[in-house]
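*Asks:* After the structure tokens below, expect a handful of questions from me.
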Amino acid sequence: MQAAAVAGAACSIPTAWDFATFKAGLAEAAIEKVPSTCNGCSTNCSVFVYIKNGRLWKLEGNPIAMKNEGKLCARAYGVAADVYNPNRVQQPMKRVGENFFEPISWEQAFTEIGDKLTKIIDKATGNSIAWLCHGGKENYAQLLLDEIGSSNYITHYSTCFTSKTNAWDRMVGSQLAPDISRARYMLFAGRNYAGGIMPGAMRKLMRAKETGAKIVVIDPRLCELAKIADEWIPIRPGTDLALYLGIAHTLISEKLYNASFVQEYIFGFEEFWKANKHFTAEKAAGICDIPADNIRKIAREMARHAPAAFLDPGYHGLHNHYVSSTQIAQANVIVNALLGNLYQHGGLLPSASPKFGKIQLAKRLQPEKGLRIDGAGVNDGYPTVETSRGIAQHMPDLIEKGMLKALFIYHFNPLRTAPDPEYQKKIVKADLVVSIPVDWNETSVHAAHYVLPEHYFLERMDAPKSVSGNIAHDYPQVVMRFPALKPMHNTKHILDILKGIALAMKVDDLYPFTVEEESAAMLSPLGITLSKMRELGCVELPEAIQPGIPMKEGKSACSTVTGKIEFSIGAFKLHGRQGVPVWTPPLVSPKGDSEFRLIHGKQPWHSHSVTSNNPYLMAISSSYNGNWVWINKSRAERLGIKHGDTVILETKLDSKGQNRTVTKSVKAKVTEMLHPECVWLPSGYGNFSPKASTGYQQGINYNDFAPARVEPLSGGCMVQEVIVTVRRGNS
């Protein structure tokens, strides 16, 4: 039968052709160049996608784009190829048994979901419905939530960096980014641009290094960024707050700080100093395991180069990990402000963000919303947590209490990237769970009632975005994603998915626009046409960001309560908390020869669990033993552990009243490049979706050991407040 099929196919080719001619024709086919943005992480690097014979042929970085400067990391190439991954969700699916689904039509999916939502709203109000997502495309979801009367737009940020945004918005009024190109001294703690990779930042860092700028990395591990640093200083994990307070004490006590800047622009300096005048470099040294002379040296060198010196504001690295994460973010602001580098060249600058237009929609009569059910911003809940972010790890608890009836989960996988997956699996107990993914992630397999697949990023147009932020750039830039490939499967754009659900709920005019119309309206005030964006992919605007504290009528006009940079947060004091940061020890600390703090971080070729089902990127993991746990050599020798041995990690997990022992085995990387009090896991492994075959059961994940907790000030997960015992297993 196979021979007959081959013969039949050959006979169907015109006699004037042979296979060589056919192959040559393919090789000579026209190549189409389409601008897009990478979906490998949240950086949104601008790319050009080359299409040949209707297939993905090549990917290149856009040289204009500030985030990548024409370069791409391994993740970009990997996720682009995933458009052909057989583990994609290829059509709407409905749960009909435990982890078993049947295909259904879009019409059936919309009808059933719309009917269930209508009944839930009638019985429990729209505020029993939540939208849980990575973040972005807020306007689409927000229109639906406004229509049904829900306050519950929740992002993944409580599992990432929410303490940073909380502190900086309240203390400075905006999020500032390091001016790497002009800085002469750069201190990085909890920030690894070479691991959680940003190509543009790394290129700027290398150029700055070549011109004599000093780079210092504080990290328990010799991370990728530390490899290019002038100094790597290992720190006891969980004690960065002590280091920052020790630096601040040196700057103030030795009168190295910018007194005129403090006098004119700072509120709460005296309150901070009164609370911390005892916290000397010696006191900090005893806690963070960095000699006092080194702490003083850092402070003095930063002061010498100020304002062209900064302590990087950080990102995921420290900002949801500890009970003190919010105080760490506060102290970060204070160290930088003492240097007088805020809003200054060579220090920290605001993002040069374009002022997009907005599509005009008719006003609608909408129901009154209730209080957020996750407690963010609620007086008897978590009053100082940002209402624009929410508390992502909180969903199962809300379902068990009967407060959350229906949950949409979009571009987010809480069963793998939020703490305690066994607890997160309880999401399935809601009356309705709709997952909107591209692949068969853990949340879809174990918790969703309906799985509605979105077009892959190479198959869709998305509205324009600003790419400023994370690193300073003088001019605003706009990037946009255009469809490079026709959809391979029976998938839809997120806007069309929401339109279908709204129509099924008998709301026929909630989304009276297309992505093209929305994009044109957004670009209109900038003088940019869709055709220009389609040609260039990234457009830089001419109005440069200007340094200097925001001023109005001769006075500081930061977007804070006082108009100044605030060392003390009034909202914290209003709710019975300390307004200024003071030393707060970790919740837990290791004891004895076999206990370690469990910490984690990124690798240059993975983005948490998003990329771990990619065969190309997992091949890199295999070649580098990338899913092994790191352990300090001296500690390993005491436990009889050798490089390559199988080790057992174990912890007693108390999560929402459930006590159990978690035990996982993994290979050990024995190294001197790690602080002896911790073990380190890369974050991209331990996937347990059997429908994602490449990454299935490869390595282990830190979230398996972390209880589902809520840091009270900012809502973070505190996922490095975990102690594990380590022992040699059976190799």
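In the structure tokens, chains take letters A, B, ... by order of appearance, with residues numbered from 1 within each chain and ligands from 1 in the order shown.
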As a ChimeraX atom specification, list the residues of range 410-551 of chain A assigned to alpha helix (DSSP H) by DSSP on the backbone atoms of this structure.

*Replies:* /A:414-417,421-424,442-447,494-504,515-523,530-536

*Asks:* I'd like the contact shell of Ile298 in chain A - 9 Å cut-off, only C-alpha atoms, skipping same-chain residues fewer than 6 positions apart - returned as a list in words.

*Replies:* Leu187, Val216 and Ile247 of chain A

*Asks:* Set the distance at 9 Å and use only C-alpha atoms: which residues neighbour Asn332 in chain A once local chain neighbours fewer than 4 positions away are removed? I'd like the list as a PyMOL selection string.

*Replies:* chain A and resi 241+244+311-314+327-328+336-337

*Asks:* Excluding same-chain residues fewer than 2 positions from Gly548 in chain A, what lies within 7 Å of it counting only C-alpha atoms, as a CSV table (one decimal) with N, CA, C and O atoms, in the first residue's frame?

*Replies:*
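File selection.csv, as written:
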chain,number,residue,atom,x,y,z
A,343,TYR,N,15.8,59.9,38.5
A,343,TYR,CA,15.5,60.8,37.4
A,343,TYR,C,16.7,61.5,36.8
A,343,TYR,O,16.7,62.5,36.2
A,344,GLN,N,17.9,60.8,37.0
A,344,GLN,CA,19.2,61.4,36.5
A,344,GLN,C,19.9,60.5,35.5
A,344,GLN,O,19.8,59.3,35.6
A,546,GLN,N,13.3,63.6,29.3
A,546,GLN,CA,14.2,64.5,29.9
A,546,GLN,C,14.5,64.2,31.4
A,546,GLN,O,13.6,63.8,32.1
A,550,PRO,N,10.2,65.4,38.4
A,550,PRO,CA,9.0,66.1,38.0
A,550,PRO,C,8.7,67.3,38.8
A,550,PRO,O,8.7,67.2,40.1

*Asks:* Set the distance at 12 Å and use only C-alpha atoms: which residues neighbour Lys277 in chain A once local chain neighbours fewer than 5 positions away are removed? I'd like the list as an mmCIF file with C-alpha atoms, in the first residue's frame.

*Replies:*
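Writing done, so here's result_20.cif:
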data_model
loop_
_atom_site.group_PDB
_atom_site.id
_atom_site.type_symbol
_atom_site.label_atom_id
_atom_site.label_comp_id
_atom_site.auth_asym_id
_atom_site.auth_seq_id
_atom_site.Cartn_x
_atom_site.Cartn_y
_atom_site.Cartn_z
ATOM 1 C CA LEU A 245 20.331 48.956 55.178
ATOM 2 C CA GLY A 246 24.073 48.615 55.802
ATOM 3 C CA ILE A 247 24.842 50.517 52.590
ATOM 4 C CA ALA A 248 22.308 53.212 53.517
ATOM 5 C CA HIS A 249 23.821 53.521 57.003
ATOM 6 C CA THR A 250 27.302 54.004 55.549
ATOM 7 C CA LEU A 251 26.081 56.643 53.098
ATOM 8 C CA ILE A 252 24.367 58.603 55.866
ATOM 9 C CA SER A 253 26.817 58.138 58.753
ATOM 10 C CA GLU A 254 29.826 59.000 56.592
ATOM 11 C CA PHE A 269 14.377 60.892 55.734
ATOM 12 C CA GLU A 270 14.440 61.548 59.472
ATOM 13 C CA GLU A 271 11.935 58.775 60.161
ATOM 14 C CA PHE A 272 14.042 56.303 58.223
ATOM 15 C CA LYS A 283 25.461 44.629 62.019
ATOM 16 C CA VAL A 582 13.610 48.020 59.030
ATOM 17 C CA TRP A 583 15.431 44.721 59.349
#

*Asks:* Could you tell me how far CA of His316 in chain A lies from CA of Lys602 in chain A, in Å and to one decimal?

*Replies:*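 Between CA of His316 in chain A and CA of Lys602 in chain A the gap works out to 9.7 Å.
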
*Asks:* Please build the interface table for range 499-609 of chain A against range 163-174 of chain A with a cut-off of 10 Å, listing for each qualifying residue the nearest atom pair and the distance in Å to one decimal; count only C-alpha atoms, order rows by chain and increasing number, and write it as CSV.

*Replies:*
residue,atom,partner,partner_atom,distance
A:Ile549,CA,A:Val172,CA,10.0
A:Ala557,CA,A:Gly173,CA,9.3
A:Cys558,CA,A:Gly173,CA,5.6
A:Ser559,CA,A:Gly173,CA,4.2
A:Thr560,CA,A:Gly173,CA,5.2
A:Val561,CA,A:Arg170,CA,8.1
A:Thr562,CA,A:Met171,CA,9.7
A:Gly563,CA,A:Gly173,CA,8.5
A:Lys564,CA,A:Val172,CA,7.4
A:Ile565,CA,A:Val172,CA,4.9
A:Glu566,CA,A:Met171,CA,4.6
A:Phe567,CA,A:Met171,CA,6.4
A:Ser568,CA,A:Met171,CA,7.5
A:Ile569,CA,A:Met171,CA,6.6
A:Gly570,CA,A:Arg170,CA,8.8
A:Ala571,CA,A:Arg170,CA,8.5
A:Phe572,CA,A:Arg170,CA,9.9

*Asks:* Filtering to N, CA and C atoms, could you give me those residues as a short mmCIF file (atom, residue, chain, number, x, y, z; two decimals), in the first residue's frame?

*Replies:*
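Result went into part_21.cif, see below:
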data_model
loop_
_atom_site.label_atom_id
_atom_site.label_comp_id
_atom_site.auth_asym_id
_atom_site.auth_seq_id
_atom_site.Cartn_x
_atom_site.Cartn_y
_atom_site.Cartn_z
N ILE A 549 13.72 65.55 38.37
CA ILE A 549 12.52 65.27 39.16
C ILE A 549 11.34 66.01 38.55
N ALA A 557 6.93 67.32 42.06
CA ALA A 557 5.58 66.89 41.70
C ALA A 557 5.56 65.42 41.29
N CYS A 558 6.21 64.58 42.10
CA CYS A 558 6.11 63.15 41.85
C CYS A 558 4.67 62.69 42.13
N SER A 559 4.29 61.59 41.55
CA SER A 559 2.92 61.09 41.72
C SER A 559 2.80 60.33 43.04
N THR A 560 3.11 61.02 44.12
CA THR A 560 2.99 60.47 45.47
C THR A 560 2.10 61.39 46.29
N VAL A 561 1.80 60.99 47.51
CA VAL A 561 0.90 61.79 48.35
C VAL A 561 1.48 63.18 48.60
N THR A 562 2.78 63.27 48.87
CA THR A 562 3.41 64.55 49.20
C THR A 562 4.00 65.25 47.98
N GLY A 563 4.05 64.56 46.84
CA GLY A 563 4.72 65.13 45.67
C GLY A 563 6.22 64.91 45.71
N LYS A 564 6.73 64.38 46.81
CA LYS A 564 8.15 64.09 46.94
C LYS A 564 8.39 62.57 46.90
N ILE A 565 9.64 62.21 46.86
CA ILE A 565 10.01 60.81 47.01
C ILE A 565 9.87 60.47 48.49
N GLU A 566 9.10 59.44 48.82
CA GLU A 566 8.73 59.19 50.20
C GLU A 566 9.47 57.98 50.75
N PHE A 567 10.29 58.21 51.77
CA PHE A 567 10.97 57.11 52.44
C PHE A 567 10.03 56.33 53.36
N SER A 568 8.94 56.96 53.74
CA SER A 568 7.95 56.33 54.62
C SER A 568 6.62 56.25 53.88
N ILE A 569 6.02 55.08 53.82
CA ILE A 569 4.77 54.88 53.10
C ILE A 569 3.60 55.03 54.07
N GLY A 570 2.84 56.08 53.88
CA GLY A 570 1.74 56.38 54.78
C GLY A 570 0.67 55.31 54.80
N ALA A 571 0.39 54.70 53.65
CA ALA A 571 -0.64 53.67 53.58
C ALA A 571 -0.29 52.48 54.45
N PHE A 572 1.00 52.17 54.54
CA PHE A 572 1.42 51.06 55.40
C PHE A 572 1.14 51.39 56.87
#

*Asks:* I'd like the neighbourhood of Ala447 in chain A as a VMD selection string, where a residue qualifies if any of its atoms comes within 6 Å (using only C-alpha atoms), though same-chain residues fewer than 3 positions away should be ignored.

*Replies:* chain A and resid 425 427 to 428 443 to 444

*Asks:* Please produce a file of those selected residues containing N, CA, C and O atoms, as an mmCIF file, in the first residue's frame.

*Replies:*
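Result written to part.cif:
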data_model
loop_
_atom_site.group_PDB
_atom_site.id
_atom_site.type_symbol
_atom_site.label_atom_id
_atom_site.label_comp_id
_atom_site.auth_asym_id
_atom_site.auth_seq_id
_atom_site.Cartn_x
_atom_site.Cartn_y
_atom_site.Cartn_z
ATOM 1 N N LYS A 425 -4.547 22.600 42.201
ATOM 2 C CA LYS A 425 -5.447 21.696 41.473
ATOM 3 C C LYS A 425 -6.902 21.843 41.919
ATOM 4 O O LYS A 425 -7.828 21.483 41.176
ATOM 5 N N ILE A 427 -8.589 24.289 41.901
ATOM 6 C CA ILE A 427 -9.283 25.221 41.008
ATOM 7 C C ILE A 427 -10.396 24.504 40.245
ATOM 8 O O ILE A 427 -11.432 25.083 39.924
ATOM 9 N N VAL A 428 -10.180 23.233 39.942
ATOM 10 C CA VAL A 428 -11.161 22.466 39.168
ATOM 11 C C VAL A 428 -12.519 22.397 39.863
ATOM 12 O O VAL A 428 -13.550 22.114 39.226
ATOM 13 N N THR A 443 -2.496 23.496 33.949
ATOM 14 C CA THR A 443 -3.775 24.064 34.355
ATOM 15 C C THR A 443 -4.896 23.583 33.451
ATOM 16 O O THR A 443 -5.995 23.243 33.916
ATOM 17 N N SER A 444 -4.628 23.551 32.151
ATOM 18 C CA SER A 444 -5.649 23.065 31.214
ATOM 19 C C SER A 444 -5.986 21.609 31.485
ATOM 20 O O SER A 444 -7.160 21.214 31.525
#

*Asks:* Give me, as a tab-separated table, each residue of range 686-718 of chain A that comes within 12 Å of range 355-378 of chain A, together with its shortest interatomic pair and the distance in Å at one decimal, counting only C-alpha atoms, with rows ordered by chain and rising residue number.

*Replies:*
residue	atom	partner	partner_atom	distance
A:Val710	CA	A:Asp374	CA	10.7
A:Glu711	CA	A:Ala376	CA	11.6
A:Pro712	CA	A:Ala376	CA	9.8
A:Leu713	CA	A:Ala376	CA	9.8
A:Ser714	CA	A:Ala376	CA	8.7
A:Gly715	CA	A:Ala376	CA	7.9
A:Gly716	CA	A:Ala376	CA	11.4

*Asks:* Where does range 148-249 of chain A meet range 120-128 of chain A within 12 Å, residue by residue, with the nearest atom pair and distance in Å to one decimal for each, counting only C-alpha atoms, listed by chain and rising number, as CSV?

*Replies:*
residue,atom,partner,partner_atom,distance
A:Ile148,CA,A:Gly126,CA,4.9
A:Gly149,CA,A:Gly126,CA,5.0
A:Ser150,CA,A:Asn127,CA,4.1
A:Ser151,CA,A:Asn127,CA,6.3
A:Asn152,CA,A:Asn127,CA,7.0
A:Tyr153,CA,A:Asn127,CA,10.4

*Asks:* Generate the output file for the selected residues, N, CA, C and O atoms, as a PDB file, in the first residue's frame.

*Replies:*
ATOM      1  N   ILE A 148     -20.324  42.466  33.412  1.00  0.00           N
ATOM      2  CA  ILE A 148     -20.979  41.535  34.341  1.00  0.00           C
ATOM      3  C   ILE A 148     -20.888  41.997  35.794  1.00  0.00           C
ATOM      4  O   ILE A 148     -21.468  41.376  36.681  1.00  0.00           O
ATOM      5  N   GLY A 149     -20.128  43.095  36.053  1.00  0.00           N
ATOM      6  CA  GLY A 149     -20.024  43.625  37.410  1.00  0.00           C
ATOM      7  C   GLY A 149     -18.999  42.926  38.269  1.00  0.00           C
ATOM      8  O   GLY A 149     -19.235  42.679  39.455  1.00  0.00           O
ATOM      9  N   SER A 150     -17.842  42.620  37.675  1.00  0.00           N
ATOM     10  CA  SER A 150     -16.777  41.951  38.430  1.00  0.00           C
ATOM     11  C   SER A 150     -15.592  42.885  38.632  1.00  0.00           C
ATOM     12  O   SER A 150     -15.148  43.553  37.693  1.00  0.00           O
ATOM     13  N   SER A 151     -15.046  42.892  39.844  1.00  0.00           N
ATOM     14  CA  SER A 151     -13.839  43.664  40.171  1.00  0.00           C
ATOM     15  C   SER A 151     -12.570  42.834  40.032  1.00  0.00           C
ATOM     16  O   SER A 151     -11.480  43.321  40.309  1.00  0.00           O
ATOM     17  N   ASN A 152     -12.699  41.594  39.583  1.00  0.00           N
ATOM     18  CA  ASN A 152     -11.651  40.611  39.817  1.00  0.00           C
ATOM     19  C   ASN A 152     -10.759  40.352  38.600  1.00  0.00           C
ATOM     20  O   ASN A 152     -10.728  39.245  38.057  1.00  0.00           O
ATOM     21  N   TYR A 153     -10.053  41.387  38.180  1.00  0.00           N
ATOM     22  CA  TYR A 153      -8.996  41.223  37.184  1.00  0.00           C
ATOM     23  C   TYR A 153      -7.707  40.956  37.955  1.00  0.00           C
ATOM     24  O   TYR A 153      -7.245  41.791  38.737  1.00  0.00           O
TER      25      TYR A 153
END

*Asks:* Distance CA of Tyr322 in chain A-CA of Met718 in chain A, one decimal place?

*Replies:* 4.4 Å

*Asks:* Apply DSSP to the structure's backbone, then extract all residues of range 99-184 of chain A labelled strand (DSSP E or B) and return them as a list in words.

*Replies:* Phe100, Phe101, Glu102, Pro103, Ile129, Ala130, Trp131, Leu132, Cys133, Tyr153, Ile154, Thr155, Leu176, Ala177 and Pro178 of chain A

*Asks:* Would you mind exporting C-alpha atoms of the selected residues as a PDB file, in the first residue's frame?

*Replies:*
ATOM      1  CA  PHE A 100     -10.004  13.416  29.647  1.00  0.00           C
ATOM      2  CA  PHE A 101     -11.410  15.788  27.046  1.00  0.00           C
ATOM      3  CA  GLU A 102     -13.514  15.582  23.922  1.00  0.00           C
ATOM      4  CA  PRO A 103     -13.377  17.995  20.978  1.00  0.00           C
ATOM      5  CA  ILE A 129     -16.302  35.612  38.407  1.00  0.00           C
ATOM      6  CA  ALA A 130     -12.575  36.334  37.983  1.00  0.00           C
ATOM      7  CA  TRP A 131     -10.121  36.767  35.122  1.00  0.00           C
ATOM      8  CA  LEU A 132      -6.652  35.373  35.926  1.00  0.00           C
ATOM      9  CA  CYS A 133      -3.882  36.086  33.445  1.00  0.00           C
ATOM     10  CA  TYR A 153      -8.996  41.223  37.184  1.00  0.00           C
ATOM     11  CA  ILE A 154      -5.977  39.339  38.555  1.00  0.00           C
ATOM     12  CA  THR A 155      -2.494  39.041  37.060  1.00  0.00           C
ATOM     13  CA  LEU A 176      12.324  53.835  37.051  1.00  0.00           C
ATOM     14  CA  ALA A 177      14.852  51.931  34.957  1.00  0.00           C
ATOM     15  CA  PRO A 178      18.672  51.851  35.033  1.00  0.00           C
TER      16      PRO A 178
END

*Asks:* Please identify every residue of range 559-670 of chain A that has at least one atom no farther than 8 Å from an atom of range 676-697 of chain A, counting only C-alpha atoms, and for each give the shortest atom pair and the distance in Å to one decimal, arranged by chain then increasing number, as CSV.

*Replies:*
residue,atom,partner,partner_atom,distance
A:Pro590,CA,A:Glu677,CA,7.1
A:Glu595,CA,A:Glu677,CA,7.9
A:Phe596,CA,A:Cys678,CA,4.6
A:Arg597,CA,A:Cys678,CA,4.4
A:Leu598,CA,A:Val679,CA,5.3
A:Ile599,CA,A:Trp680,CA,4.9
A:His600,CA,A:Leu681,CA,4.6
A:Gly601,CA,A:Pro682,CA,5.2
A:Lys602,CA,A:Pro682,CA,5.6
A:Gln603,CA,A:Pro682,CA,6.6
A:His606,CA,A:Gly684,CA,6.1
A:Ser607,CA,A:Gly684,CA,6.4
A:His608,CA,A:Gly684,CA,4.0
A:Ser609,CA,A:Gly684,CA,4.6
A:Val610,CA,A:Gly684,CA,7.6
A:Thr611,CA,A:Gly684,CA,7.4
A:Ser612,CA,A:Gly695,CA,5.2
A:Asn613,CA,A:Gly695,CA,4.4
A:Asn614,CA,A:Thr694,CA,6.7
A:Pro615,CA,A:Thr694,CA,6.2
A:Met618,CA,A:Gly695,CA,7.4
A:Gly626,CA,A:Pro682,CA,7.5
A:Asn627,CA,A:Pro682,CA,6.5
A:Trp628,CA,A:Leu681,CA,7.1
A:Val629,CA,A:Leu681,CA,5.0
A:Trp630,CA,A:Trp680,CA,5.0
A:Ile631,CA,A:Val679,CA,5.0
A:Asn632,CA,A:Pro676,CA,5.1
A:Lys633,CA,A:Pro676,CA,7.9
A:Ser634,CA,A:Pro676,CA,7.4
A:Arg635,CA,A:Pro676,CA,6.3
